[in-house]
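See below for target27.pdb, which holds PDB, C-alpha atoms.
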ATOM      1  CA  MET U   1      42.963  46.368 136.001
ATOM      2  CA  ARG U   2      42.773  48.633 132.980
ATOM      3  CA  LYS U   3      46.361  48.215 132.049
ATOM      4  CA  PHE U   4      45.853  44.573 131.120
ATOM      5  CA  LEU U   5      43.019  45.193 128.678
ATOM      6  CA  PRO U   6      45.084  46.228 125.654
ATOM      7  CA  ILE U   7      47.223  43.211 126.045
ATOM      8  CA  SER U   8      44.213  40.886 126.127
ATOM      9  CA  LEU U   9      42.718  42.486 123.046
ATOM     10  CA  LEU U  10      45.991  42.197 121.191
ATOM     11  CA  GLY U  11      46.237  38.532 122.067
ATOM     12  CA  LEU U  12      42.736  37.856 120.839
ATOM     13  CA  LEU U  13      43.488  39.697 117.642
ATOM     14  CA  MET U  14      46.606  37.630 117.003
ATOM     15  CA  MET U  15      44.749  34.380 117.661
ATOM     16  CA  ALA U  16      42.104  35.417 115.205
ATOM     17  CA  ILE U  17      44.734  36.059 112.584
ATOM     18  CA  TRP U  18      46.410  32.700 113.259
ATOM     19  CA  VAL U  19      43.392  30.553 112.533
ATOM     20  CA  LEU U  20      42.567  32.209 109.205
ATOM     21  CA  PRO U  21      43.280  29.820 106.159
ATOM     22  CA  ALA U  22      46.232  30.546 103.761
ATOM     23  CA  MET U  23      45.517  30.982 100.075
ATOM     24  CA  ALA U  24      47.919  31.403  97.055
ATOM     25  CA  ASP U  25      48.050  30.986  93.230
ATOM     26  CA  VAL U  26      51.081  29.108  91.794
ATOM     27  CA  ASN U  27      52.080  28.597  88.124
ATOM     28  CA  VAL U  28      54.530  25.744  87.402
ATOM     29  CA  LEU U  29      56.267  25.189  84.052
ATOM     30  CA  ALA U  30      58.103  21.851  83.505
ATOM     31  CA  ASP U  31      59.711  19.793  80.649
ATOM     32  CA  ILE U  32      59.039  16.087  80.992
ATOM     33  CA  THR U  33      60.951  13.459  78.884
ATOM     34  CA  LYS U  34      59.284  10.067  78.444
ATOM     35  CA  THR U  35      60.685   6.852  76.909
ATOM     36  CA  LYS U  36      58.229   4.293  75.545
ATOM     37  CA  THR U  37      58.926   0.743  74.354
ATOM     38  CA  ILE U  38      56.300  -0.591  71.973
ATOM     39  CA  THR U  39      56.322  -4.301  70.942
ATOM     40  CA  ILE U  40      54.110  -5.412  68.068
ATOM     41  CA  LEU U  41      53.623  -9.109  67.244
ATOM     42  CA  GLU U  42      52.015  -9.959  63.919
ATOM     43  CA  THR U  43      51.212 -13.306  62.307
ATOM     44  CA  VAL U  44      51.047 -13.162  58.514
ATOM     45  CA  THR U  45      49.794 -16.083  56.428
ATOM     46  CA  VAL U  46      50.054 -15.853  52.648
ATOM     47  CA  ASP U  47      48.552 -18.486  50.364
ATOM     48  CA  LYS U  48      49.134 -18.272  46.643
ATOM     49  CA  ASP U  49      47.696 -20.408  43.885
ATOM     50  CA  VAL U  50      49.496 -20.039  40.585
ATOM     51  CA  THR U  51      48.224 -21.568  37.371
ATOM     52  CA  MET U  52      50.564 -21.394  34.415
ATOM     53  CA  LEU U  53      49.663 -22.200  30.845
ATOM     54  CA  VAL U  54      52.580 -22.134  28.439
ATOM     55  CA  ARG U  55      51.914 -22.107  24.730
ATOM     56  CA  VAL U  56      54.597 -22.318  22.111
ATOM     57  CA  ILE U  57      53.172 -21.075  18.848
ATOM     58  CA  ASP U  58      55.910 -22.061  16.489
ATOM     59  CA  LEU U  59      56.944 -24.912  14.273
ATOM     60  CA  GLY U  60      60.288 -26.199  15.376
ATOM     61  CA  THR U  61      62.815 -26.384  12.592
ATOM     62  CA  VAL U  62      65.453 -28.285  14.548
ATOM     63  CA  ALA U  63      65.423 -30.446  17.667
ATOM     64  CA  ALA U  64      67.750 -32.284  20.029
ATOM     65  CA  GLU U  65      66.331 -34.997  22.272
ATOM     66  CA  ALA U  66      68.172 -37.307  24.674
ATOM     67  CA  ASP U  67      66.616 -40.109  26.697
ATOM     68  CA  ALA U  68      68.448 -42.161  29.364
ATOM     69  CA  GLN U  69      66.717 -44.978  31.250
ATOM     70  CA  VAL U  70      67.870 -47.475  33.883
ATOM     71  CA  ASN U  71      65.774 -50.299  35.345
ATOM     72  CA  GLN U  72      67.345 -52.690  37.857
ATOM     73  CA  VAL U  73      65.697 -55.358  40.014
ATOM     74  CA  ASN U  74      67.073 -57.628  42.705
ATOM     75  CA  ALA U  75      64.575 -60.325  43.703
ATOM     76  CA  SER U  76      64.442 -63.945  44.846
ATOM     77  CA  ASN U  77      68.139 -64.063  45.811
ATOM     78  CA  MET U  78      69.860 -65.775  48.720
ATOM     79  CA  ALA U  79      73.391 -65.086  49.971
ATOM     80  CA  CYS U  80      74.692 -67.397  52.683
ATOM     81  CA  GLU U  81      78.357 -66.955  53.602
ATOM     82  CA  ASN U  82      80.812 -67.855  56.305
ATOM     83  CA  CYS U  83      84.203 -66.128  56.662
ATOM     84  CA  ALA U  84      83.817 -64.432  53.273
ATOM     85  CA  GLU U  85      86.010 -61.360  53.567
ATOM     86  CA  LYS U  86      85.999 -59.016  50.575
ATOM     87  CA  VAL U  87      87.711 -55.760  49.645
ATOM     88  CA  ASP U  88      87.004 -53.322  46.807
ATOM     89  CA  THR U  89      89.818 -50.816  46.264
ATOM     90  CA  ILE U  90      90.188 -47.971  43.790
ATOM     91  CA  GLU U  91      93.556 -46.340  44.420
ATOM     92  CA  ALA U  92      95.316 -43.633  42.400
ATOM     93  CA  SER U  93      92.875 -44.263  39.571
ATOM     94  CA  VAL U  94      90.264 -42.512  37.447
ATOM     95  CA  ILE U  95      92.463 -39.427  37.105
ATOM     96  CA  GLY U  96      92.698 -36.839  34.327
ATOM     97  CA  ASN U  97      90.143 -38.346  31.955
ATOM     98  CA  SER U  98      88.237 -36.334  29.362
ATOM     99  CA  GLY U  99      84.859 -37.111  27.875
ATOM    100  CA  ILE U 100      82.786 -39.911  29.408
ATOM    101  CA  THR U 101      84.312 -42.194  32.043
ATOM    102  CA  ASN U 102      82.387 -45.113  33.566
ATOM    103  CA  VAL U 103      83.748 -47.390  36.296
ATOM    104  CA  ASN U 104      82.027 -50.327  38.031
ATOM    105  CA  GLN U 105      83.675 -52.440  40.739
ATOM    106  CA  ALA U 106      81.993 -55.185  42.778
ATOM    107  CA  ALA U 107      83.594 -57.842  44.954
ATOM    108  CA  GLY U 108      80.255 -58.648  46.549
ATOM    109  CA  ASN U 109      77.449 -60.903  45.424
ATOM    110  CA  MET U 110      74.458 -60.234  43.200
ATOM    111  CA  ASN U 111      75.042 -56.507  42.742
ATOM    112  CA  ASN U 112      73.498 -54.563  39.868
ATOM    113  CA  GLN U 113      75.632 -51.686  38.589
ATOM    114  CA  GLY U 114      74.938 -49.466  35.622
ATOM    115  CA  ASN U 115      75.984 -46.191  33.971
ATOM    116  CA  VAL U 116      73.923 -44.641  31.182
ATOM    117  CA  VAL U 117      74.692 -41.469  29.233
ATOM    118  CA  ALA U 118      72.606 -40.027  26.383
ATOM    119  CA  VAL U 119      73.684 -36.871  24.545
ATOM    120  CA  ALA U 120      71.937 -35.064  21.690
ATOM    121  CA  VAL U 121      73.167 -31.873  19.992
ATOM    122  CA  ASP U 122      71.661 -30.000  17.062
ATOM    123  CA  HIS U 123      73.965 -27.458  15.421
ATOM    124  CA  PHE U 124      73.080 -24.610  13.135
ATOM    125  CA  THR U 125      75.050 -25.610  10.072
ATOM    126  CA  GLY U 126      74.723 -25.664   6.316
ATOM    127  CA  PRO U 127      74.846 -23.011   3.593
ATOM    128  CA  GLY U 128      71.669 -21.090   3.061
ATOM    129  CA  LYS U 129      70.118 -22.229   6.294
ATOM    130  CA  VAL U 130      67.933 -19.518   7.787
ATOM    131  CA  ARG U 131      68.029 -18.930  11.521
ATOM    132  CA  ARG U 132      64.539 -19.121  12.934
ATOM    133  CA  HIS U 133      65.436 -19.503  16.607
ATOM    134  CA  SER U 134      62.688 -22.077  16.949
ATOM    135  CA  GLY U 135      64.535 -25.239  17.886
ATOM    136  CA  PHE U 136      63.676 -27.555  20.772
ATOM    137  CA  ALA U 137      65.913 -29.291  23.300
ATOM    138  CA  ASN U 138      64.489 -32.079  25.431
ATOM    139  CA  ALA U 139      66.292 -34.291  27.960
ATOM    140  CA  GLN U 140      64.656 -37.141  29.878
ATOM    141  CA  THR U 141      66.282 -39.323  32.529
ATOM    142  CA  SER U 142      64.713 -42.143  34.487
ATOM    143  CA  VAL U 143      66.204 -44.489  37.083
ATOM    144  CA  ASP U 144      64.084 -47.229  38.654
ATOM    145  CA  GLN U 145      65.516 -49.719  41.157
ATOM    146  CA  LYS U 146      63.665 -52.336  43.195
ATOM    147  CA  GLN U 147      64.577 -54.754  45.970
ATOM    148  CA  GLY U 148      62.549 -57.894  46.617
ATOM    149  CA  PHE U 149      59.690 -57.255  44.187
ATOM    150  CA  TYR U 150      58.919 -56.472  40.571
ATOM    151  CA  LEU U 151      55.992 -55.266  38.501
ATOM    152  CA  VAL U 152      54.080 -57.135  35.830
ATOM    153  CA  PRO U 153      52.401 -54.710  33.397
ATOM    154  CA  GLY U 154      48.645 -55.027  33.162
ATOM    155  CA  THR U 155      47.148 -56.272  29.902
ATOM    156  CA  ASP U 156      43.663 -56.112  28.461
ATOM    157  CA  SER U 157      43.058 -57.866  25.169
ATOM    158  CA  THR U 158      39.823 -55.983  24.599
ATOM    159  CA  THR U 159      41.266 -52.467  24.936
ATOM    160  CA  PRO U 160      45.030 -52.752  24.409
ATOM    161  CA  GLN U 161      45.356 -49.006  23.947
ATOM    162  CA  VAL U 162      44.280 -48.415  27.552
ATOM    163  CA  GLU U 163      47.069 -48.765  30.087
ATOM    164  CA  GLN U 164      46.144 -51.205  32.839
ATOM    165  CA  GLU U 165      47.375 -51.167  36.429
ATOM    166  CA  ALA U 166      50.514 -53.228  36.988
ATOM    167  CA  THR U 167      50.602 -56.178  39.365
ATOM    168  CA  VAL U 168      53.156 -56.222  42.168
ATOM    169  CA  VAL U 169      54.927 -59.557  42.567
ATOM    170  CA  PHE U 170      56.751 -59.951  45.902
ATOM    171  CA  ASP U 171      59.886 -62.076  45.733
ATOM    172  CA  PRO U 172      61.885 -61.437  48.928
ATOM    173  CA  GLN U 173      65.577 -62.018  49.466
ATOM    174  CA  LEU U 174      67.745 -63.433  52.232
ATOM    175  CA  VAL U 175      71.237 -62.524  53.423
ATOM    176  CA  ASP U 176      72.672 -64.872  56.059
ATOM    177  CA  SER U 177      76.335 -64.193  56.869
ATOM    178  CA  VAL U 178      78.488 -65.037  59.881
ATOM    179  CA  ASN U 179      82.066 -64.345  60.963
ATOM    180  CA  ILE U 180      82.888 -61.707  58.355
ATOM    181  CA  LEU U 181      86.084 -60.121  59.688
ATOM    182  CA  PHE U 182      85.981 -57.340  57.104
ATOM    183  CA  ARG U 183      84.045 -56.259  54.083
ATOM    184  CA  THR U 184      85.530 -53.036  52.793
ATOM    185  CA  SER U 185      84.919 -50.527  50.002
ATOM    186  CA  GLU U 186      87.642 -47.918  49.691
ATOM    187  CA  ILE U 187      88.565 -45.145  47.276
ATOM    188  CA  PHE U 188      91.992 -43.583  47.845
ATOM    189  CA  GLU U 189      93.312 -40.529  45.965
ATOM    190  CA  SER U 190      91.135 -41.262  42.957
ATOM    191  CA  VAL U 191      88.467 -39.675  40.753
ATOM    192  CA  ILE U 192      90.499 -36.489  40.398
ATOM    193  CA  ASP U 193      90.787 -33.811  37.681
ATOM    194  CA  ASN U 194      88.369 -35.427  35.259
ATOM    195  CA  VAL U 195      86.590 -33.342  32.641
ATOM    196  CA  GLY U 196      83.199 -34.305  31.266
ATOM    197  CA  ILE U 197      80.982 -37.038  32.699
ATOM    198  CA  THR U 198      82.480 -39.373  35.306
ATOM    199  CA  ASN U 199      80.512 -42.257  36.847
ATOM    200  CA  VAL U 200      81.816 -44.641  39.508
ATOM    201  CA  ASN U 201      80.089 -47.564  41.277
ATOM    202  CA  GLN U 202      81.753 -49.652  43.978
ATOM    203  CA  ALA U 203      80.143 -52.442  46.026
ATOM    204  CA  ALA U 204      81.726 -54.947  48.372
ATOM    205  CA  GLY U 205      78.363 -55.834  49.846
ATOM    206  CA  GLN U 206      75.554 -58.013  48.573
ATOM    207  CA  LEU U 207      72.349 -57.522  46.608
ATOM    208  CA  ASN U 208      72.876 -53.820  45.906
ATOM    209  CA  ASN U 209      71.506 -51.719  43.048
ATOM    210  CA  GLN U 210      73.777 -48.891  41.880
ATOM    211  CA  ALA U 211      73.143 -46.671  38.872
ATOM    212  CA  ASN U 212      74.177 -43.354  37.319
ATOM    213  CA  ALA U 213      72.161 -41.866  34.467
ATOM    214  CA  THR U 214      72.643 -38.610  32.553
ATOM    215  CA  SER U 215      70.819 -37.164  29.544
ATOM    216  CA  LEU U 216      72.006 -33.975  27.843
ATOM    217  CA  ALA U 217      70.235 -32.148  25.010
ATOM    218  CA  GLU U 218      71.476 -28.969  23.357
ATOM    219  CA  CYS U 219      69.935 -26.970  20.539
ATOM    220  CA  LEU U 220      72.098 -24.149  19.216
ATOM    221  CA  ASP U 221      69.282 -22.412  17.328
ATOM    222  CA  GLY U 222      66.554 -22.964  19.867
ATOM    223  CA  SER U 223      63.817 -21.264  21.785
ATOM    224  CA  VAL U 224      62.534 -23.992  24.122
ATOM    225  CA  ALA U 225      64.407 -26.269  26.528
ATOM    226  CA  LEU U 226      62.630 -29.015  28.458
ATOM    227  CA  SER U 227      64.061 -31.527  30.895
ATOM    228  CA  GLU U 228      62.632 -34.213  33.130
ATOM    229  CA  THR U 229      64.316 -36.453  35.677
ATOM    230  CA  ASP U 230      62.762 -39.329  37.578
ATOM    231  CA  LEU U 231      64.419 -41.382  40.331
ATOM    232  CA  GLY U 232      62.411 -44.236  41.821
ATOM    233  CA  GLN U 233      63.882 -46.639  44.374
ATOM    234  CA  ALA U 234      62.023 -49.001  46.672
ATOM    235  CA  THR U 235      62.501 -51.867  49.092
ATOM    236  CA  ILE U 236      59.099 -53.053  50.253
ATOM    237  CA  SER U 237      57.586 -56.057  51.984
ATOM    238  CA  ASP U 238      54.625 -58.240  51.106
ATOM    239  CA  PRO U 239      51.651 -57.434  53.361
ATOM    240  CA  ALA U 240      51.114 -61.209  53.545
ATOM    241  CA  GLY U 241      54.413 -61.578  55.404
ATOM    242  CA  ALA U 242      57.166 -62.094  52.805
ATOM    243  CA  VAL U 243      60.026 -59.716  53.638
ATOM    244  CA  ASN U 244      63.623 -59.028  52.707
ATOM    245  CA  THR U 245      65.738 -60.444  55.517
ATOM    246  CA  VAL U 246      69.317 -59.793  56.633
ATOM    247  CA  LEU U 247      70.757 -62.128  59.285
ATOM    248  CA  GLU U 248      74.344 -61.237  60.084
ATOM    249  CA  VAL U 249      76.524 -62.140  63.036
ATOM    250  CA  SER U 250      80.027 -60.752  63.623
ATOM    251  CA  ALA U 251      80.162 -58.862  60.345
ATOM    252  CA  LEU U 252      82.441 -55.791  60.200
ATOM    253  CA  LYS U 253      82.024 -53.384  57.287
ATOM    254  CA  ASP U 254      83.718 -50.188  56.133
ATOM    255  CA  ALA U 255      83.119 -47.689  53.352
ATOM    256  CA  LEU U 256      85.883 -45.129  52.917
ATOM    257  CA  ILE U 257      86.553 -42.264  50.504
ATOM    258  CA  GLU U 258      89.800 -40.429  51.230
ATOM    259  CA  GLY U 259      91.636 -37.755  49.246
ATOM    260  CA  SER U 260      89.336 -38.342  46.298
ATOM    261  CA  ILE U 261      86.707 -36.756  44.050
ATOM    262  CA  LEU U 262      88.683 -33.533  43.689
ATOM    263  CA  GLY U 263      89.079 -30.955  40.938
ATOM    264  CA  ASN U 264      86.569 -32.499  38.540
ATOM    265  CA  GLN U 265      84.713 -30.430  35.947
ATOM    266  CA  GLY U 266      81.345 -31.325  34.552
ATOM    267  CA  ILE U 267      79.276 -34.136  36.060
ATOM    268  CA  THR U 268      80.685 -36.552  38.641
ATOM    269  CA  PHE U 269      78.625 -39.333  40.254
ATOM    270  CA  VAL U 270      79.971 -41.847  42.800
ATOM    271  CA  ASN U 271      78.135 -44.694  44.579
ATOM    272  CA  GLN U 272      79.790 -46.836  47.263
ATOM    273  CA  SER U 273      78.336 -49.628  49.416
ATOM    274  CA  SER U 274      79.643 -52.318  51.722
ATOM    275  CA  GLY U 275      76.181 -53.190  52.964
ATOM    276  CA  ASN U 276      73.251 -55.296  51.781
ATOM    277  CA  LEU U 277      70.047 -54.666  49.868
ATOM    278  CA  ALA U 278      70.858 -51.012  49.141
ATOM    279  CA  ASN U 279      69.528 -48.836  46.329
ATOM    280  CA  GLN U 280      71.912 -46.079  45.214
ATOM    281  CA  GLY U 281      71.202 -43.889  42.212
ATOM    282  CA  ASN U 282      72.120 -40.567  40.616
ATOM    283  CA  ALA U 283      70.040 -39.082  37.818
ATOM    284  CA  LEU U 284      70.401 -35.861  35.823
ATOM    285  CA  GLY U 285      68.460 -34.427  32.905
ATOM    286  CA  LEU U 286      69.809 -31.198  31.390
ATOM    287  CA  SER U 287      68.670 -29.355  28.273
ATOM    288  CA  VAL U 288      69.889 -26.106  26.762
ATOM    289  CA  ALA U 289      68.380 -23.999  23.990
ATOM    290  CA  ILE U 290      70.616 -21.169  22.765
ATOM    291  CA  HIS U 291      68.934 -18.230  21.088
ATOM    292  CA  PRO U 292      71.709 -16.457  19.169
TER
END
Show me, as structure tokens, the structure contained in the file I just sent.
Amino acid sequence: MRKFLPISLLGLLMMAIWVLPAMADVNVLADITKTKTITILETVTVDKDVTMLVRVIDLGTVAAEADAQVNQVNASNMACENCAEKVDTIEASVIGNSGITNVNQAAGNMNNQGNVVAVAVDHFTGPGKVRRHSGFANAQTSVDQKQGFYLVPGTDSTTPQVEQEATVVFDPQLVDSVNILFRTSEIFESVIDNVGITNVNQAAGQLNNQANATSLAECLDGSVALSETDLGQATISDPAGAVNTVLEVSALKDALIEGSILGNQGITFVNQSSGNLANQGNALGLSVAIHP
């Protein structure tokens, strides 16, 4: 029996060693690369109030002022037609002109067409004249066109110097057309290589207002240039029920510009209409003050 004792003790010793916990210290060094995507959304609102006060402390020695105005009204008109075909054609025309060129063409009814040009130039000339660089250039252009109404200026006999509110007078219009196989406005290979101011109006329709207005002011010994342009066009109806009326049946219309209005220098205005009760206008005010 004794010979088995050492073996039993050895086994117990090994079992005791087996159940003991394991312990260790470990140091770990590592490089870690990270990629971050950051999205920032911002809403920025900027409000600016700018007040400008311009003072010209000088006595102008020279001045150039141009004023161009157009006022056209179509009211209380009636156009009743049957099989009234009309064609406006400008072909191989208005080419190579210099200076001021104005063209109006209307095969339609009751059309207003106008071209207005105003030019003012003040030159520094004359022996002994001293340059002061204090001239003024001022250009003003106004175009006003109305369909179916007009204004009556207010009057007050007691205070005539005070401007009174104008009265609107409604005077509607009527277009009643049937069986119009064609009504055509066409410009072919025209209004080309003009130099200066070129104005063209073309209307095969009815009751149209067309206008071109230009004012130019130039001061060659100037310091101040002012310009103002106003374009007012309206077709309105009477709140009481009077309205502009277009009654058309089987009416075919075309407006065509082909191979035209090319190579011009300066100012070029073109209006074209085959329709009814249209307001078309171009307005320009330009001033130049040259300070040598």
Tell me which of U:Glu91, U:Glu85, U:Glu42, U:Glu228 sits closest to Lys253 of chain U, counting all atoms listed in the file.
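Selected residue with least distance to Lys253 of chain U: U:Glu85.
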I'd like a table as CSV: residues in segment 28-108 of chain U with an atom no more than 9 Å from segment 282-291 of chain U, each row giving the shortest atom pair and its distance in Å to one decimal, all atoms listed in the file counted, sorted by chain and rising residue number.
residue,atom,partner,partner_atom,distance
U:Ala64,CA,U:Ser287,CA,8.8
U:Glu65,CA,U:Ser287,CA,8.6
U:Ala66,CA,U:Gly285,CA,8.7
U:Asp67,CA,U:Gly285,CA,8.6
U:Ala68,CA,U:Gly285,CA,8.5
Can you spell out as a PyMOL selection string the set of residues that the PyMOL selection byres ((chain U and resi 175) around 7) selects in the structure I just provided?
chain U and resi 78-80+173-174+176-177+245-247
To one decimal place in Å, what is the distance between atom CA of Asn199 of chain U and atom CA of Leu226 of chain U?
23.8 Å
Residues in the PyMOL selection byres ((chain U and resi 214) around 12), expressed as a count of residues only:
45
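Using all atoms listed in the file for every distance, the candidate list U:Thr51, U:Gln164, U:Thr37, U:Ser237 yields U:Gln164 as the residue closest to Val152 of chain U.
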Interatomic distance between atom CA of Ser185 of chain U and atom CA of Ser260 of chain U?
13.5 Å
Written as a PyMOL selection string, what is the full residue list that the PyMOL selection byres ((chain U and resi 209) around 7) yields on the file shown?
chain U and resi 72+111-113+145+207-208+210-211+278-280
Generate a file of the selected residues that holds C-alpha atoms, formatted as a short mmCIF file (atom, residue, chain, number, x, y, z; two decimals), in the coordinates of the input.
data_model
loop_
_atom_site.label_atom_id
_atom_site.label_comp_id
_atom_site.auth_asym_id
_atom_site.auth_seq_id
_atom_site.Cartn_x
_atom_site.Cartn_y
_atom_site.Cartn_z
CA GLN U 72 67.34 -52.69 37.86
CA ASN U 111 75.04 -56.51 42.74
CA ASN U 112 73.50 -54.56 39.87
CA GLN U 113 75.63 -51.69 38.59
CA GLN U 145 65.52 -49.72 41.16
CA LEU U 207 72.35 -57.52 46.61
CA ASN U 208 72.88 -53.82 45.91
CA GLN U 210 73.78 -48.89 41.88
CA ALA U 211 73.14 -46.67 38.87
CA ALA U 278 70.86 -51.01 49.14
CA ASN U 279 69.53 -48.84 46.33
CA GLN U 280 71.91 -46.08 45.21
#
Using only C-alpha atoms, pick whichever of U:Ile187, U:Ala137, U:Ala242, U:Leu252 has the shortest atom-to-atom distance to Asn271 of chain U.
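Under the stated criterion, the closest residue is U:Ile187.
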Ile180 of chain U environment, 6 Å, only C-alpha atoms, sequence neighbours closer than 3 positions dropped, as an NGL selection string
:U and (83-85 or 251)
Using only C-alpha atoms, please write the residues we just selected to a file, as a PDB file, in the frame of the given file.
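Writing the result to out_22.pdb gives the following:
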ATOM      1  CA  CYS U  83      84.203 -66.128  56.662  1.00  0.00           C
ATOM      2  CA  ALA U  84      83.817 -64.432  53.273  1.00  0.00           C
ATOM      3  CA  GLU U  85      86.010 -61.360  53.567  1.00  0.00           C
ATOM      4  CA  ALA U 251      80.162 -58.862  60.345  1.00  0.00           C
TER       5      ALA U 251
END
Quick one: of U:Leu181, U:Leu151, U:Ile261, U:Met110, who's nearest to Gln206 of chain U, counting all atoms listed in the file?
U:Met110
Computed interatomic separation between atom CA of Asn82 of chain U and atom CA of Asn201 of chain U (Å):
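Atom-to-atom, atom CA of Asn82 of chain U to atom CA of Asn201 of chain U, that is 25.3 Å.
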Sphere at (61.8, -57.4, 43.4), radius 6 Å, counting only C-alpha atoms: residues as a ChimeraX atom specification
/U:73-75,146-150,171
Of the candidates U:Glu218, U:Asp193, U:Asp49, U:Asp144, which one gets nearest to Gly99 of chain U if we count all atoms listed in the file?
U:Asp193
Please give the centre and size of the box around segment 77-96 of chain U (axis-aligned, containing every atom listed in the file, 4 Å added per side), with values in Å to one decimal and written as lines of an AutoDock Vina configuration file.
center_x = 81.7
center_y = -52.3
center_z = 45.5
size_x = 35.2
size_y = 39.0
size_z = 30.3
